[in-house]
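start37.txt (compact mmCIF, C-alpha atoms) appears below.
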# COMPACT_ATOMS: atom_id res chain seq x y z
CA ASP A 1 -23.15 9.29 6.55
CA ARG A 2 -19.65 9.03 8.09
CA VAL A 3 -16.85 6.64 7.09
CA LEU A 4 -13.30 6.17 8.37
CA LEU A 5 -10.43 5.12 6.07
CA ALA A 6 -7.48 3.03 7.28
CA ILE A 7 -5.04 0.43 6.03
CA ASP A 8 -5.53 -1.98 8.96
CA LEU A 9 -8.65 -2.26 11.10
CA THR A 10 -6.98 -2.66 14.50
CA ARG A 11 -8.77 -2.29 17.81
CA ALA A 12 -7.39 1.26 18.04
CA VAL A 13 -8.89 2.11 14.64
CA LEU A 14 -12.24 0.62 15.63
CA ASP A 15 -12.25 2.64 18.86
CA GLU A 16 -11.47 5.73 16.80
CA ALA A 17 -14.32 4.96 14.39
CA LEU A 18 -16.76 4.55 17.29
CA SER A 19 -15.60 7.76 18.96
CA LEU A 20 -16.12 9.66 15.70
CA GLY A 21 -19.58 8.20 15.14
CA CYS A 22 -18.60 6.29 12.00
CA THR A 23 -20.92 3.46 11.03
CA ALA A 24 -18.62 2.23 8.25
CA VAL A 25 -14.90 1.69 7.79
CA ILE A 26 -12.99 1.27 4.54
CA ALA A 27 -10.04 -0.88 5.64
CA TYR A 28 -7.65 -1.68 2.82
CA HIS A 29 -6.61 -5.01 4.35
CA PRO A 30 -9.49 -7.42 4.96
CA VAL A 31 -10.47 -8.19 8.53
CA ILE A 32 -11.44 -11.73 7.47
CA PHE A 33 -8.90 -13.56 5.26
CA GLY A 34 -10.42 -17.05 5.46
CA GLY A 35 -13.86 -18.53 5.98
CA LEU A 36 -15.31 -18.33 9.51
CA LYS A 37 -17.46 -21.09 10.98
CA ARG A 38 -18.17 -19.13 14.13
CA VAL A 39 -17.73 -15.63 15.50
CA LEU A 40 -16.19 -15.55 18.97
CA ALA A 41 -16.66 -12.84 21.58
CA GLY A 42 -13.69 -10.49 21.58
CA SER A 43 -12.80 -11.05 17.93
CA MET A 44 -12.82 -8.12 15.51
CA ALA A 45 -15.76 -9.58 13.57
CA TYR A 46 -17.73 -9.90 16.80
CA GLU A 47 -17.00 -6.31 17.84
CA LEU A 48 -18.00 -4.97 14.43
CA ILE A 49 -21.31 -6.83 14.54
CA ARG A 50 -21.94 -5.78 18.14
CA HIS A 51 -21.40 -2.09 17.34
CA GLY A 52 -23.13 -2.17 13.96
CA VAL A 53 -20.08 -1.05 11.96
CA ALA A 54 -19.85 -2.11 8.31
CA VAL A 55 -16.46 -2.78 6.68
CA TYR A 56 -15.40 -2.75 3.05
CA SER A 57 -11.88 -3.94 2.12
CA PRO A 58 -10.84 -3.22 -1.48
CA HIS A 59 -7.26 -4.62 -1.20
CA THR A 60 -6.16 -6.16 -4.54
CA ALA A 61 -9.02 -4.54 -6.44
CA LEU A 62 -7.65 -1.15 -5.41
CA ASP A 63 -4.10 -2.26 -6.28
CA VAL A 64 -4.93 -2.98 -9.91
CA ALA A 65 -7.42 -0.14 -10.48
CA ASP A 66 -6.48 2.92 -12.51
CA GLY A 67 -5.48 5.57 -9.99
CA GLY A 68 -5.30 2.95 -7.25
CA THR A 69 -2.56 1.91 -4.85
CA ASN A 70 0.11 1.13 -7.42
CA ASP A 71 -0.58 4.22 -9.51
CA VAL A 72 -0.27 6.35 -6.38
CA LEU A 73 3.09 4.69 -5.68
CA ALA A 74 4.09 5.28 -9.32
CA ASP A 75 3.20 8.95 -8.86
CA ALA A 76 5.56 9.05 -5.87
CA VAL A 77 8.51 8.24 -8.18
CA GLU A 78 7.13 10.57 -10.87
CA MET A 79 6.70 7.73 -13.36
CA THR A 80 5.35 8.95 -16.69
CA ALA A 81 4.03 6.31 -19.13
CA ARG A 82 3.30 3.18 -17.13
CA ALA A 83 2.10 -0.41 -17.50
CA PRO A 84 1.35 -3.25 -15.08
CA LEU A 85 4.24 -5.52 -14.17
CA ARG A 86 1.85 -8.46 -14.39
CA VAL A 87 -1.43 -8.20 -16.31
CA THR A 88 -4.30 -9.92 -14.49
CA VAL A 89 -7.29 -8.52 -16.42
CA ALA A 90 -6.23 -8.78 -20.05
CA ALA A 91 -9.39 -7.27 -21.51
CA GLU A 92 -8.77 -3.98 -19.68
CA GLY A 93 -4.99 -4.12 -19.41
CA LEU A 94 -5.14 -4.02 -15.62
CA GLY A 95 -2.71 -5.78 -13.34
CA LEU A 96 -0.31 -5.83 -10.42
CA GLY A 97 2.54 -3.36 -9.94
CA ARG A 98 3.62 -0.65 -12.34
CA VAL A 99 6.73 -0.09 -14.46
CA GLY A 100 7.73 2.80 -16.65
CA PRO A 101 10.20 5.59 -17.42
CA VAL A 102 11.23 8.44 -15.15
CA SER A 103 13.32 11.49 -15.95
CA PRO A 104 16.99 10.57 -15.50
CA ILE A 105 17.72 10.80 -11.79
CA GLU A 106 20.34 9.57 -9.35
CA ARG A 107 19.22 6.68 -7.17
CA ALA A 108 19.86 8.59 -3.93
CA ALA A 109 17.75 11.51 -5.14
CA LEU A 110 14.91 9.23 -6.17
CA LEU A 111 14.98 7.47 -2.80
CA ALA A 112 14.69 10.87 -1.14
CA LYS A 113 11.63 11.61 -3.30
CA VAL A 114 10.04 8.35 -2.19
CA ARG A 115 10.63 9.09 1.48
CA SER A 116 9.12 12.53 1.08
CA ALA A 117 6.09 11.34 -0.91
CA LEU A 118 5.33 8.56 1.57
CA ALA A 119 6.04 10.78 4.59
CA ILE A 120 8.54 8.33 6.09
CA ASP A 121 12.04 8.80 7.47
CA HIS A 122 13.63 5.52 6.40
CA LEU A 123 13.79 3.02 3.54
CA LEU A 124 15.38 -0.43 3.60
CA VAL A 125 17.61 -0.57 0.52
CA ALA A 126 19.29 -3.54 -1.15
CA GLY A 127 21.69 -3.02 -4.02
CA SER A 128 23.48 0.08 -5.20
CA MET A 129 22.46 3.52 -3.99
CA GLU A 130 24.61 5.20 -6.63
CA GLY A 131 24.14 5.76 -10.33
CA GLU A 132 21.37 7.11 -12.51
CA VAL A 133 18.09 5.37 -13.29
CA THR A 134 15.64 6.04 -16.12
CA ARG A 135 13.20 3.17 -15.57
CA VAL A 136 11.50 2.26 -12.28
CA ALA A 137 9.09 -0.40 -11.05
CA VAL A 138 6.75 -0.24 -8.06
CA GLY A 139 4.64 -2.79 -6.22
CA ALA A 140 2.73 -1.82 -3.09
CA GLY A 141 2.72 -4.21 -0.13
CA ALA A 142 4.51 -7.56 -0.33
CA CYS A 143 5.39 -7.86 -4.01
CA GLY A 144 8.54 -9.96 -4.01
CA ASP A 145 6.75 -12.45 -6.25
CA LEU A 146 6.87 -9.83 -9.02
CA LEU A 147 10.68 -9.81 -8.99
CA ASN A 148 11.03 -11.86 -12.20
CA GLU A 149 8.90 -9.29 -14.01
CA VAL A 150 10.88 -6.43 -12.47
CA ILE A 151 14.21 -7.86 -13.65
CA ALA A 152 12.81 -8.61 -17.11
CA SER A 153 11.42 -5.09 -17.41
CA GLY A 154 14.85 -3.47 -17.26
CA ALA A 155 13.95 -1.33 -14.24
CA GLY A 156 16.95 -0.05 -12.33
CA LEU A 157 15.05 0.48 -9.08
CA TYR A 158 12.07 -1.26 -7.49
CA VAL A 159 9.98 0.38 -4.77
CA THR A 160 7.86 -1.99 -2.70
CA GLY A 161 6.72 -2.63 0.84
CA GLU A 162 8.71 -5.68 1.82
CA MET A 163 10.82 -8.42 0.24
CA ARG A 164 12.37 -11.69 1.38
CA HIS A 165 16.11 -11.71 2.07
CA HIS A 166 17.12 -14.01 -0.80
CA ASP A 167 14.90 -12.18 -3.28
CA ALA A 168 16.62 -8.92 -2.30
CA LEU A 169 20.00 -10.56 -2.91
CA ARG A 170 18.84 -11.80 -6.32
CA ALA A 171 17.58 -8.35 -7.25
CA ALA A 172 20.86 -6.70 -6.26
CA ALA A 173 22.82 -9.31 -8.24
CA ALA A 174 20.70 -8.46 -11.29
CA GLY A 175 21.50 -4.78 -10.92
CA VAL A 176 18.13 -3.78 -9.48
CA THR A 177 18.10 -1.56 -6.41
CA VAL A 178 15.26 -2.54 -4.07
CA ALA A 179 13.73 0.05 -1.75
CA CYS A 180 11.35 -1.31 0.91
CA ALA A 181 9.15 1.21 2.70
CA LEU A 182 7.62 -1.44 5.03
CA HIS A 183 4.36 -3.08 4.08
CA SER A 184 1.61 -0.61 4.92
CA ASN A 185 3.82 2.46 4.44
CA SER A 186 3.86 1.63 0.73
CA GLU A 187 0.04 1.60 0.69
CA ARG A 188 -1.06 4.35 3.08
CA ARG A 189 -0.59 7.30 0.70
CA THR A 190 -3.46 6.00 -1.40
CA LEU A 191 -5.96 6.63 1.42
CA ALA A 192 -5.88 10.41 0.95
CA VAL A 193 -6.34 9.96 -2.81
CA LEU A 194 -9.26 7.57 -2.26
CA ALA A 195 -10.80 9.95 0.28
CA GLY A 196 -10.70 12.75 -2.28
CA ARG A 197 -12.40 10.63 -4.92
CA LEU A 198 -15.10 9.52 -2.46
CA ARG A 199 -15.79 13.12 -1.39
CA ALA A 200 -16.12 14.16 -5.03
CA ALA A 201 -18.44 11.27 -5.90
CA LEU A 202 -20.49 11.38 -2.68
CA PRO A 203 -20.62 14.99 -1.45
CA GLY A 204 -23.04 14.10 1.35
CA LEU A 205 -20.62 11.60 2.88
CA ASN A 206 -18.24 12.66 5.65
CA VAL A 207 -14.98 10.89 4.79
CA LEU A 208 -12.33 10.77 7.53
CA LEU A 209 -8.76 9.45 7.62
CA SER A 210 -7.64 7.47 10.65
CA SER A 211 -5.08 9.19 12.87
CA VAL A 212 -4.09 5.99 14.71
CA ASP A 213 -3.45 3.71 11.70
CA TRP A 214 0.27 3.08 11.23
CA ASP A 215 2.70 0.36 10.15
CA SER A 216 3.25 -2.36 12.73
CA PHE A 217 7.05 -1.90 12.60
CA ARG A 218 9.04 1.01 14.05
CA VAL A 219 12.68 2.05 13.90
CA ALA A 220 14.14 1.73 17.42
CA GLY A 221 17.10 3.58 18.87

Structure encoded using structure tokens:
Amino acid sequence: DRVLLAIDLTRAVLDEALSLGCTAVIAYHPVIFGGLKRVLAGSMAYELIRHGVAVYSPHTALDVADGGTNDVLADAVEMTARAPLRVTVAAEGLGLGRVGPVSPIERAALLAKVRSALAIDHLLVAGSMEGEVTRVAVGAGACGDLLNEVIASGAGLYVTGEMRHHDALRAAAAGVTVACALHSNSERRTLAVLAGRLRAALPGLNVLLSSVDWDSFRVAG
């Protein structure tokens, strides 16, 4: 009857869930990435079992879904018509990332919109911060492997979570400005949207957003 939403199920998030009386957590990133042959005392899986807390991790399924992580990021740049950067479910036209037109806007102004929408103070930017763009691509999380599709799409700016150094150089050389919000910062905005949809679909469920879930990196100084 009570569920907590977070990007990462850290020990702090689990403690928060227990203090709030939540018996389930929707954690975007999976707690278990590979098969387990044993569950050791002190591990997250052990603590979840011990406290009777269930976990559901939608991850990539939420990324590709209509209205999911990438559509929320596309909304942040006010993308109008949109399509996946890479189709993974051909029958339904679903896939990773999004690309589409935006009203003509200066790069600096669009970057400011992204910071505001994601409620963050900084973006890591590679490439030009000047000039107008009319086509934008987005890919929540670590989506450097979509760079070929981004360049081919004609997008002038690509908003993602993180990208490798040499991929950022290649993007800039191709005329694509890359804006990295940090991994989970590019995903966290979707939690409030998901919470709203859950409340509408399940009015008897108390849906809470974690107050201690944040990106693992900080800006120092």

Give me the residues within 12 Å of Leu124 (chain A) as a count of residues only, counting only C-alpha atoms and dropping any in the same chain fewer than 2 places off. 28

Rank A:Leu85, A:Val125, A:Ala140, A:Ala45 by their smallest atom-to-atom distance to Asp63 (chain A), using all atoms listed in the file, and report the top residue only.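 So, comparing all the options, the nearest one is A:Ala140.
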
Distance query Pro84 (chain A) at most 6 Å, all atoms listed in the file, self and fewer than 2 positions along chain excluded, as a PDB file with C-alpha atoms, in the coordinates of the input:
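Saved the output as selection-v4.pdb:
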ATOM      1  CA  ARG A  86       1.850  -8.460 -14.390  1.00  0.00           C
ATOM      2  CA  VAL A  87      -1.430  -8.200 -16.310  1.00  0.00           C
ATOM      3  CA  GLY A  95      -2.710  -5.780 -13.340  1.00  0.00           C
ATOM      4  CA  LEU A  96      -0.310  -5.830 -10.420  1.00  0.00           C
ATOM      5  CA  GLY A  97       2.540  -3.360  -9.940  1.00  0.00           C
ATOM      6  CA  ARG A  98       3.620  -0.650 -12.340  1.00  0.00           C
TER       7      ARG A  98
END

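Distance check against Ile26 (chain A) using all atoms listed in the file: of A:Leu40, A:Leu205, A:Ala172, A:Leu191, the minimum falls on A:Leu191.
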
What is the distance, in Å and to one decimal place, between CA of Asn148 (chain A) and CA of Ser186 (chain A)? 20.0 Å

Got a sec: who's within 9 Å of Thr69 (chain A), counting only C-alpha atoms, leaving out chain neighbours fewer than 3 positions off, as a list in words?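 Counting only C-alpha atoms, the residues come to His59, Thr60, Leu62, Asp63, Val64, Ala65, Asp66, Val72, Leu73, Ala74, Gly97, Gly139, Ala140, Ser186, Glu187, Arg188, Arg189, Thr190 and Leu191 of chain A.
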
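In terms of minimum interatomic distance to Val207 (chain A), A:Ala192 ranks closest within A:Leu18, A:Arg107, A:Ala192, A:Gly221, counting only C-alpha atoms.
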
Looking at A:Ser43, A:Asp8, A:Val13, A:Ala90, which one is nearest to Pro30 (chain A), with distances taken over all atoms listed in the file?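 That would be A:Asp8, the residue with the smallest distance to Pro30 (chain A).
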
Using all atoms listed in the file, find the one residue out of A:Arg11, A:Ala195, A:Thr88, A:Thr23 that sits nearest to Gly42 (chain A). A:Arg11

Neighbouring residues of Val212 (chain A) were defined as those with any atom within 9 Å, considering all atoms listed in the file; residues of the same chain fewer than 3 positions away were excluded. Please report them as a tab-separated table (two decimals) with C-alpha atoms, keeping the file's coordinate frame.
chain	number	residue	atom	x	y	z
A	6	ALA	CA	-7.48	3.03	7.28
A	12	ALA	CA	-7.39	1.26	18.04
A	13	VAL	CA	-8.89	2.11	14.64
A	16	GLU	CA	-11.47	5.73	16.80

For Gly144 (chain A), which of A:Glu92, A:Leu123, A:Pro104, A:Arg170 is the closest residue, counting only C-alpha atoms? A:Arg170

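Interatomic distance, CA of Ala155 (chain A) against CA of Val77 (chain A): 12.6 Å.
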
Residues within 6 Å of Ala24 (chain A), all atoms listed in the file, excluding chain neighbours under 3 positions, as a list of chain:residue names: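 After dropping sequence-adjacent residues, the list is A:Val3, A:Val53, A:Ala54, A:Val55.
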
Just to confirm, what's the straight-line distance from CA of Phe217 (chain A) to CA of Thr10 (chain A) in Å (one decimal)?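 The value is 14.2 Å.
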